[in-house]
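A.B. asks: Dropping in my_file.csv, which is CSV, C-alpha atoms:
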```csv
chain,number,residue,atom,x,y,z
A,350,MET,CA,124.9,70.6,76.8
A,351,GLU,CA,124.8,74.5,76.6
A,352,ARG,CA,123.5,74.5,80.1
A,353,VAL,CA,126.4,72.4,81.3
A,354,ARG,CA,128.9,74.7,79.5
A,355,ALA,CA,127.3,77.7,81.2
A,356,GLU,CA,127.5,76.0,84.6
A,357,VAL,CA,131.2,75.5,84.2
A,358,LYS,CA,131.8,79.1,83.3
A,359,SER,CA,129.6,80.4,86.2
A,360,THR,CA,131.2,78.2,88.9
A,361,PRO,CA,135.0,78.9,88.9
A,362,CYS,CA,135.3,77.8,92.5
A,363,ALA,CA,133.4,74.6,92.0
A,364,ARG,CA,134.7,71.5,93.9
A,365,PRO,CA,137.3,69.5,91.9
A,366,ALA,CA,135.0,66.4,91.8
A,367,ARG,CA,132.2,68.4,90.3
A,368,VAL,CA,134.4,70.0,87.7
A,369,LEU,CA,135.7,66.6,86.8
A,370,ALA,CA,132.3,65.2,86.4
A,371,ILE,CA,131.2,68.0,84.1
A,372,ALA,CA,134.4,67.7,82.1
A,373,LEU,CA,133.6,64.1,81.5
A,374,LEU,CA,130.2,65.0,80.3
A,375,LEU,CA,131.6,67.5,77.9
A,376,ALA,CA,134.1,64.9,76.6
A,377,GLY,CA,131.3,62.6,75.7
A,378,GLY,CA,129.7,61.1,78.8
A,379,ALA,CA,130.3,59.8,82.3
A,380,ALA,CA,133.3,57.6,83.1
A,381,ALA,CA,132.8,54.0,82.1
A,382,ALA,CA,131.7,51.5,84.8
A,383,PRO,CA,134.5,49.3,86.0
A,384,VAL,CA,134.6,45.8,84.4
A,385,ARG,CA,133.5,43.0,86.8
A,386,VAL,CA,133.8,39.5,85.4
A,387,VAL,CA,132.2,36.3,86.8
A,388,SER,CA,133.6,33.1,85.4
A,389,GLN,CA,131.1,30.2,85.5
A,390,THR,CA,133.4,27.4,84.3
A,391,VAL,CA,136.9,26.1,85.2
A,392,GLY,CA,138.2,26.6,81.7
A,393,THR,CA,137.2,30.3,81.7
A,394,ASP,CA,138.7,30.6,85.2
A,395,GLU,CA,142.1,29.6,83.9
A,396,ALA,CA,141.9,31.9,80.9
A,397,LEU,CA,140.5,34.9,82.9
A,398,LEU,CA,143.3,34.7,85.5
A,399,ALA,CA,145.9,34.8,82.8
A,400,VAL,CA,144.6,38.1,81.2
A,401,ALA,CA,142.6,40.0,83.7
A,402,ARG,CA,143.7,42.4,86.5
A,403,PRO,CA,142.8,41.2,90.0
A,404,ASP,CA,140.2,44.0,90.4
A,405,GLU,CA,138.4,42.9,87.3
A,406,ILE,CA,137.6,39.4,88.6
A,407,ALA,CA,134.4,39.4,90.6
A,408,ALA,CA,134.0,35.6,91.2
A,409,LEU,CA,135.2,32.3,89.8
A,410,SER,CA,133.5,28.9,89.2
A,411,PRO,CA,132.6,26.6,92.1
A,412,LEU,CA,135.5,24.3,91.2
A,413,ALA,CA,138.2,27.0,90.9
A,414,HIS,CA,139.8,26.2,94.2
A,415,ASP,CA,139.7,22.4,93.7
A,416,PRO,CA,143.1,21.0,92.5
A,417,GLU,CA,141.4,17.9,91.1
A,418,PHE,CA,139.6,20.0,88.5
A,419,SER,CA,141.4,23.3,88.3
A,420,ALA,CA,144.9,24.1,87.1
A,421,VAL,CA,144.8,27.4,89.0
A,422,ALA,CA,143.7,26.2,92.4
A,423,LYS,CA,146.5,28.1,94.1
A,424,GLU,CA,146.3,31.2,91.9
A,425,SER,CA,142.5,31.4,92.5
A,426,ALA,CA,142.7,31.0,96.3
A,427,GLY,CA,142.1,34.7,97.0
A,428,TYR,CA,139.0,35.1,94.9
A,429,PRO,CA,135.4,34.2,95.8
A,430,VAL,CA,133.6,31.4,94.0
A,431,LEU,CA,130.1,30.8,92.9
A,432,ARG,CA,127.8,28.4,94.8
A,433,VAL,CA,127.6,24.9,93.4
A,434,GLY,CA,124.4,24.7,91.3
A,435,GLY,CA,123.7,28.3,91.9
A,436,ASP,CA,121.0,30.3,90.1
A,437,ALA,CA,121.1,33.6,88.4
A,438,GLU,CA,120.6,35.4,91.7
A,439,SER,CA,123.8,33.9,93.1
A,440,VAL,CA,125.7,35.2,90.1
A,441,LEU,CA,124.1,38.6,90.1
A,442,ARG,CA,125.0,39.2,93.7
A,443,PHE,CA,128.6,39.8,92.5
A,444,ARG,CA,127.4,42.7,90.4
A,445,PRO,CA,129.0,41.4,87.1
A,446,THR,CA,129.2,43.4,83.9
A,447,VAL,CA,130.3,40.2,82.1
A,448,VAL,CA,129.7,36.5,82.8
A,449,LEU,CA,131.8,33.8,81.1
A,450,CYS,CA,129.8,30.6,80.4
A,451,ALA,CA,130.1,27.5,78.2
A,452,ASP,CA,127.7,25.7,75.9
A,453,TYR,CA,127.1,23.2,78.7
A,454,SER,CA,126.1,25.9,81.2
A,455,ARG,CA,122.4,25.8,82.0
A,456,ILE,CA,120.3,27.4,79.3
A,457,GLU,CA,118.0,29.0,81.8
A,458,LEU,CA,120.9,30.6,83.7
A,459,VAL,CA,122.3,32.2,80.5
A,460,SER,CA,118.9,33.4,79.6
A,461,GLN,CA,118.2,34.9,83.0
A,462,LEU,CA,121.5,36.7,83.1
A,463,ARG,CA,120.9,38.3,79.7
A,464,THR,CA,117.4,39.3,80.7
A,465,ALA,CA,119.0,41.0,83.7
A,466,GLY,CA,121.1,43.1,81.3
A,467,VAL,CA,124.4,41.3,81.9
A,468,ARG,CA,126.7,40.6,78.9
A,469,VAL,CA,127.3,36.8,78.6
A,470,LEU,CA,130.1,35.2,76.6
A,471,VAL,CA,129.4,31.6,75.8
A,472,PHE,CA,132.3,29.4,74.7
A,473,ASP,CA,131.5,26.4,72.6
A,474,ARG,CA,134.8,25.3,71.1
A,475,TYR,CA,137.6,23.9,73.2
A,476,ALA,CA,138.9,20.7,71.6
A,477,THR,CA,142.2,22.2,70.3
A,478,LEU,CA,144.9,24.5,71.4
A,479,ALA,CA,143.7,27.0,68.7
A,480,ASP,CA,140.3,27.0,70.5
A,481,ALA,CA,142.1,27.8,73.8
A,482,TYR,CA,143.9,30.7,72.2
A,483,ASP,CA,140.6,32.0,70.9
A,484,MET,CA,139.2,31.9,74.4
A,485,LEU,CA,142.1,34.0,75.7
A,486,ARG,CA,141.7,36.5,72.9
A,487,ARG,CA,137.9,36.9,73.3
A,488,ILE,CA,138.1,37.4,77.0
A,489,ALA,CA,141.0,39.9,76.6
A,490,ALA,CA,139.1,41.8,73.9
A,491,GLU,CA,136.1,42.1,76.3
A,492,LEU,CA,138.4,43.5,79.1
A,493,GLY,CA,140.3,45.9,76.9
A,494,GLY,CA,143.2,47.9,78.3
A,495,GLY,CA,146.3,45.8,78.7
A,496,ALA,CA,144.5,42.5,78.5
A,497,PRO,CA,145.0,41.9,74.7
A,498,ALA,CA,148.8,42.3,75.2
A,499,ARG,CA,148.7,39.9,78.1
A,500,ALA,CA,146.8,37.4,76.0
A,501,SER,CA,149.3,37.7,73.2
A,502,ALA,CA,152.2,37.1,75.6
A,503,VAL,CA,150.6,34.0,77.0
A,504,ILE,CA,149.9,32.6,73.5
A,505,ALA,CA,153.5,33.4,72.4
A,506,ASP,CA,154.8,31.5,75.5
A,507,CYS,CA,152.6,28.5,74.7
A,508,GLN,CA,153.7,28.4,71.1
A,509,ARG,CA,157.4,28.5,72.2
A,510,ARG,CA,156.8,25.7,74.7
A,511,VAL,CA,154.9,23.5,72.2
A,512,ALA,CA,157.6,24.0,69.6
A,513,ALA,CA,160.3,23.1,72.1
A,514,LEU,CA,158.4,19.9,73.1
A,515,GLN,CA,158.0,18.8,69.5
A,516,ARG,CA,161.7,19.2,68.9
A,517,ARG,CA,162.3,16.9,71.9
A,518,LEU,CA,159.9,14.3,70.6
A,519,ALA,CA,161.1,14.3,67.0
A,520,GLY,CA,161.4,10.8,65.7
A,521,VAL,CA,160.0,9.2,68.9
A,522,LYS,CA,157.9,6.0,68.6
A,523,PRO,CA,154.4,7.0,69.6
A,524,VAL,CA,152.9,5.1,72.6
A,525,ARG,CA,149.5,3.5,72.0
A,526,VAL,CA,147.2,4.7,74.8
A,527,LEU,CA,143.7,4.6,76.1
A,528,THR,CA,142.1,6.6,78.9
A,529,PRO,CA,139.3,4.5,80.5
A,530,SER,CA,136.3,5.8,82.3
A,531,THR,CA,133.8,4.6,84.8
A,532,TYR,CA,131.2,6.7,83.1
A,533,GLY,CA,130.8,4.3,80.2
A,534,LEU,CA,132.5,6.7,77.7
A,535,VAL,CA,136.0,7.1,76.2
A,536,PRO,CA,137.3,10.1,74.3
A,537,GLY,CA,137.9,9.6,70.6
A,538,GLU,CA,138.5,12.0,67.7
A,539,GLY,CA,137.8,15.7,68.3
A,540,THR,CA,138.3,15.7,72.0
A,541,THR,CA,140.8,17.3,74.3
A,542,PHE,CA,142.4,13.9,75.0
A,543,GLU,CA,143.0,13.4,71.3
A,544,ASP,CA,144.7,16.9,71.3
A,545,LEU,CA,146.8,15.9,74.3
A,546,CYS,CA,148.0,12.7,72.6
A,547,GLU,CA,148.8,14.5,69.3
A,548,HIS,CA,151.2,16.8,71.2
A,549,ALA,CA,152.7,14.3,73.6
A,550,GLY,CA,154.0,11.5,71.4
A,551,ALA,CA,151.0,9.2,71.8
A,552,ILE,CA,148.3,7.5,69.7
A,553,ASN,CA,144.8,7.5,71.1
A,554,LEU,CA,143.5,4.0,70.1
A,555,ALA,CA,139.9,5.1,70.6
A,556,ALA,CA,140.3,7.4,67.7
A,557,SER,CA,142.8,5.6,65.5
A,558,LEU,CA,141.6,2.1,65.9
A,559,GLY,CA,138.1,2.4,67.3
A,560,HIS,CA,137.2,5.4,65.0
A,561,LEU,CA,135.2,6.8,67.9
A,562,ARG,CA,134.1,10.4,67.6
A,563,GLY,CA,133.8,12.6,70.7
A,564,ASN,CA,133.1,10.9,74.0
A,565,ALA,CA,131.5,7.7,73.0
A,566,PRO,CA,130.8,4.2,74.5
A,567,PRO,CA,133.7,1.8,74.1
A,568,PRO,CA,133.1,-1.2,71.7
A,569,GLY,CA,132.7,-3.8,74.5
A,570,GLU,CA,134.7,-7.0,74.0
A,571,GLN,CA,136.4,-5.5,70.9
A,572,LEU,CA,138.3,-3.3,73.3
A,573,LEU,CA,140.2,-6.4,74.5
A,574,THR,CA,141.9,-6.7,71.1
A,575,TRP,CA,143.3,-3.2,71.1
A,576,PRO,CA,147.1,-3.2,71.6
A,577,VAL,CA,147.2,-0.8,74.5
A,578,ASP,CA,150.7,0.0,75.6
A,579,LYS,CA,149.7,2.3,78.5
A,580,LEU,CA,146.6,3.5,80.1
A,581,VAL,CA,146.4,7.2,80.9
A,582,LEU,CA,144.8,7.9,84.3
A,583,GLY,CA,144.2,10.9,86.5
A,584,GLY,CA,145.0,11.0,90.2
A,585,SER,CA,147.7,11.0,92.8
A,586,SER,CA,147.8,7.3,93.6
A,587,MET,CA,148.3,4.6,90.9
A,588,ALA,CA,146.7,1.9,93.0
A,589,ALA,CA,143.7,4.0,93.7
A,590,SER,CA,143.3,5.1,90.1
A,591,LEU,CA,143.5,1.6,88.8
A,592,ALA,CA,141.3,0.0,91.4
A,593,PRO,CA,137.9,0.8,89.8
A,594,PHE,CA,138.9,-0.7,86.4
A,595,ARG,CA,140.2,-4.0,88.0
A,596,ALA,CA,136.6,-4.8,88.8
A,597,LEU,CA,134.8,-3.2,85.8
A,598,PRO,CA,134.3,-5.2,82.6
A,599,PRO,CA,135.6,-5.1,80.0
A,600,TYR,CA,138.6,-3.2,81.5
A,601,ALA,CA,139.1,-5.9,84.1
A,602,TYR,CA,140.1,-8.3,81.4
A,603,MET,CA,142.6,-6.1,79.6
A,604,ALA,CA,146.3,-7.0,80.0
A,605,SER,CA,147.2,-3.3,80.6
A,606,VAL,CA,144.9,-3.2,83.6
A,607,ARG,CA,145.9,-6.5,85.0
A,608,GLU,CA,149.6,-5.7,84.7
A,609,GLY,CA,149.2,-2.1,85.8
A,610,ARG,CA,150.7,-0.6,82.7
A,611,ALA,CA,149.6,3.0,83.2
A,612,VAL,CA,150.8,6.5,83.6
A,613,LEU,CA,149.4,9.0,86.1
A,614,LEU,CA,148.6,12.6,85.4
A,615,PRO,CA,147.3,15.4,87.6
A,616,PRO,CA,143.5,14.8,87.4
A,617,TRP,CA,142.7,18.3,86.1
A,618,VAL,CA,144.8,17.6,82.9
A,619,LEU,CA,142.3,15.1,81.4
A,620,GLY,CA,139.5,17.7,81.5
A,621,CYS,CA,141.5,20.8,80.7
A,622,VAL,CA,140.0,23.0,78.0
A,623,SER,CA,142.1,26.1,78.4
A,624,TYR,CA,145.6,27.1,77.3
A,625,ARG,CA,146.9,25.3,80.5
A,626,ARG,CA,146.6,22.1,78.5
A,627,VAL,CA,150.2,22.9,77.3
A,628,ASP,CA,151.3,21.8,80.9
A,629,GLY,CA,149.3,18.6,80.2
A,630,TYR,CA,151.3,18.0,77.0
A,631,TYR,CA,154.5,18.1,79.1
A,632,PHE,CA,153.1,15.9,81.9
A,633,LEU,CA,152.0,13.2,79.4
A,634,ALA,CA,155.1,13.4,77.2
A,635,ARG,CA,157.4,13.1,80.3
A,636,ALA,CA,155.4,10.1,81.6
A,637,LEU,CA,155.6,8.3,78.2
A,638,HIS,CA,159.0,9.4,77.0
A,639,PRO,CA,161.1,10.2,80.1
A,640,GLY,CA,164.4,10.0,78.2
A,641,ARG,CA,163.2,12.8,75.8
A,642,VAL,CA,161.5,15.1,78.3
A,643,PRO,CA,163.6,15.3,81.5
```
What is this structure when it is put down as C-alpha cells?

C.D. replies:
Amino acid sequence: MERVRAEVKSTPCARPARVLAIALLLAGGAAAAPVRVVSQTVGTDEALLAVARPDEIAALSPLAHDPEFSAVAKESAGYPVLRVGGDAESVLRFRPTVVLCADYSRIELVSQLRTAGVRVLVFDRYATLADAYDMLRRIAAELGGGAPARASAVIADCQRRVAALQRRLAGVKPVRVLTPSTYGLVPGEGTTFEDLCEHAGAINLAASLGHLRGNAPPPGEQLLTWPVDKLVLGGSSMAASLAPFRALPPYAYMASVREGRAVLLPPWVLGCVSYRRVDGYYFLARALHPGRVP
C-alpha cells in the first residue's frame, strides 16, 4: 500500500484512468464486478424481471418466451434464453455471477455451477404468495442497489390488489372446483392451485373432500361422487382443453366434463410460482364470479 501511495505522489500527470484505479485501491479495492444473473426457471424469470435492471440480466430460462408457460413472454422478448436441457457449460457461456435455480433443477447442474465458482440461489418454497414475496426479496438482496426498493414496491402493489379482490368477493358463495390432469395427478393441499382457489372464491375439492396433499393421484371412481361445479382448465380453446378428458377415465364419466362446465385460464396461471399469481387470482375470480369482478 505504501508503494501505491508513493506512486500517486510521484505521478501528478498520470492518466485519469490510472489515477482512478489507484484511488479505488486506496479506498479498499478494485471496483466490484458487475452483476450478471442467469435465471434457470420460469418462476425466477418473472421475479427477476420485476426487480433487476436490464443490464443485470444475462439470460433467462428456456421457456421465458413461451406464453403457455411464462407470464412475462412479452417482457422477456429482448433477452437471450438458455438452451433446453442445457448443461453447465451452456449456462457459463453467459458469464453469470449469480444463477437462479429451483429444487427441481438438476442436482448435477447446480453442483457444477458451484464448482465453477458461481453463486447459485436455489428456491424450494413456492406454494403460497408469501413464498413468492420471499423469492422477490432474496433476488433483490442479491442484486443490491435499487432492487430491494423495487421488490418492496411490487409486494406493496400485490398486497393492495389482493385486498381489493377480497373486498369484492366478500360474502360470495365459493365455487367447488377441480383441475384435472392428463398426467395422472391432481393438485391438493399445499399447492399453488390451492393457493389460487383460496384467493379467488373457490373450493379445491381435491383438498377439501379428497384430502389429497401435494400433487397426488385422484381417487379413481370416488372422483365421480365429488360435487364439481366447475372444472378449471388452462388454454385458449374450451373445446380443445376439454377434449382429452372426454376420452380419459374417470373424467370422461364426470357430469362436469360431459356438460362442459368449465372455466378457462391462460395456461401459465396453473403453473405460476411467482408473484404473478396475483394476476391468476383475478383471472379465476372473474371467471367464477363475473358479477363481482368486472

A.B. asks: Determine, counting all atoms listed in the file, every residue of protein, DNA or RNA that lies within 10 Å of (166.1, 13.0, 74.6) in the file coordinates, then give the result as a list in words.

C.D. replies: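 Applying the cut-off with all atoms listed in the file, one gets Arg516, Arg517, Leu518, Ala519, Val521, His638, Pro639, Gly640, Arg641, Val642 and Pro643 of chain A.
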
A.B. asks: May I ask for the distance between CA of Leu582 in chain A and CA of Ile504 in chain A, given in Å to one decimal place?

C.D. replies: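 Computing the Euclidean distance for CA of Leu582 in chain A and CA of Ile504 in chain A yields 27.4 Å.
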
A.B. asks: Separation of CA of Gly427 in chain A and CA of Cys450 in chain A, in Å?

C.D. replies: 21.1 Å

A.B. asks: Mind giving me the straight-line distance from CA of Val384 in chain A to CA of Glu417 in chain A in Å, one decimal?

C.D. replies: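 Distance reported for this atom pair: 29.5 Å.
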
A.B. asks: Compare A:Asn564, A:Leu462, A:His548, A:Ala479 by their minimum atom-to-atom distance to Val511 in chain A, counting all atoms listed in the file, and give me the closest one.

C.D. replies: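 Selected residue with least distance to Val511 in chain A: A:His548.
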
A.B. asks: Could you check which of A:Leu633, A:Val433, A:Cys621, A:Val400 is closest to Glu547 in chain A, using all atoms listed in the file?

C.D. replies: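 Closest candidate: A:Leu633.
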
A.B. asks: From the list A:Arg402, A:Arg525, A:Arg595, A:Arg468, which residue is nearest Arg499 in chain A when using only C-alpha atoms?

C.D. replies: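 Once distances to Arg499 in chain A are computed over only C-alpha atoms, the minimum belongs to A:Arg402.
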
A.B. asks: Tell me which protein, DNA and RNA residues are within 8 Å of Gly563 in chain A, counting all atoms listed in the file, leaving out same-chain ones fewer than 3 positions away, and put them as a ChimeraX atom specification.

C.D. replies: /A:536-540

A.B. asks: Neighbouring residues of Ser501 in chain A were defined as those with any atom within 9 Å, considering only C-alpha atoms; residues of the same chain fewer than 3 positions away were excluded. Please report them as number ranges by chain.

C.D. replies: A: 482, 485-486, 496-498, 504-506

A.B. asks: Identify which of the residues A:Glu395, A:Asp473, A:Glu608, A:Asp436 lies closest to Val459 in chain A, counting all atoms listed in the file when measuring atom-to-atom distances.

C.D. replies: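 Closest residue, counting all atoms listed in the file: A:Asp436.
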
A.B. asks: Ranking A:Asp483, A:Leu613, A:Tyr602, A:Gly569 by minimum distance to Ser585 in chain A and counting all atoms listed in the file, which one comes first?

C.D. replies: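 Ranked by minimum distance to Ser585 in chain A, first place goes to A:Leu613.
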
A.B. asks: Can you pull out the residues contacting Tyr532 in chain A? Cut-off 9 Å, using all atoms listed in the file, and skip same-chain residues under 3 positions away; I want them as a PyMOL selection string.

C.D. replies: chain A and resi 529+535+566

A.B. asks: Select, from A:Ala565, A:Val618, A:Ala634, A:Leu527, the residue with the minimum atom-to-atom distance to Tyr600 in chain A, counting all atoms listed in the file.

C.D. replies: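 Of A:Ala565, A:Val618, A:Ala634, A:Leu527, the one nearest Tyr600 in chain A is A:Leu527, counting all atoms listed in the file.
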
A.B. asks: Would you list the contacts of Gly609 in chain A as a PyMOL selection string, taking every protein, DNA or RNA residue within 12 Å and counting all atoms listed in the file, but skipping same-chain residues closer than 3 positions in sequence?

C.D. replies: chain A and resi 577-582+587-592+594-595+600-606+612-613
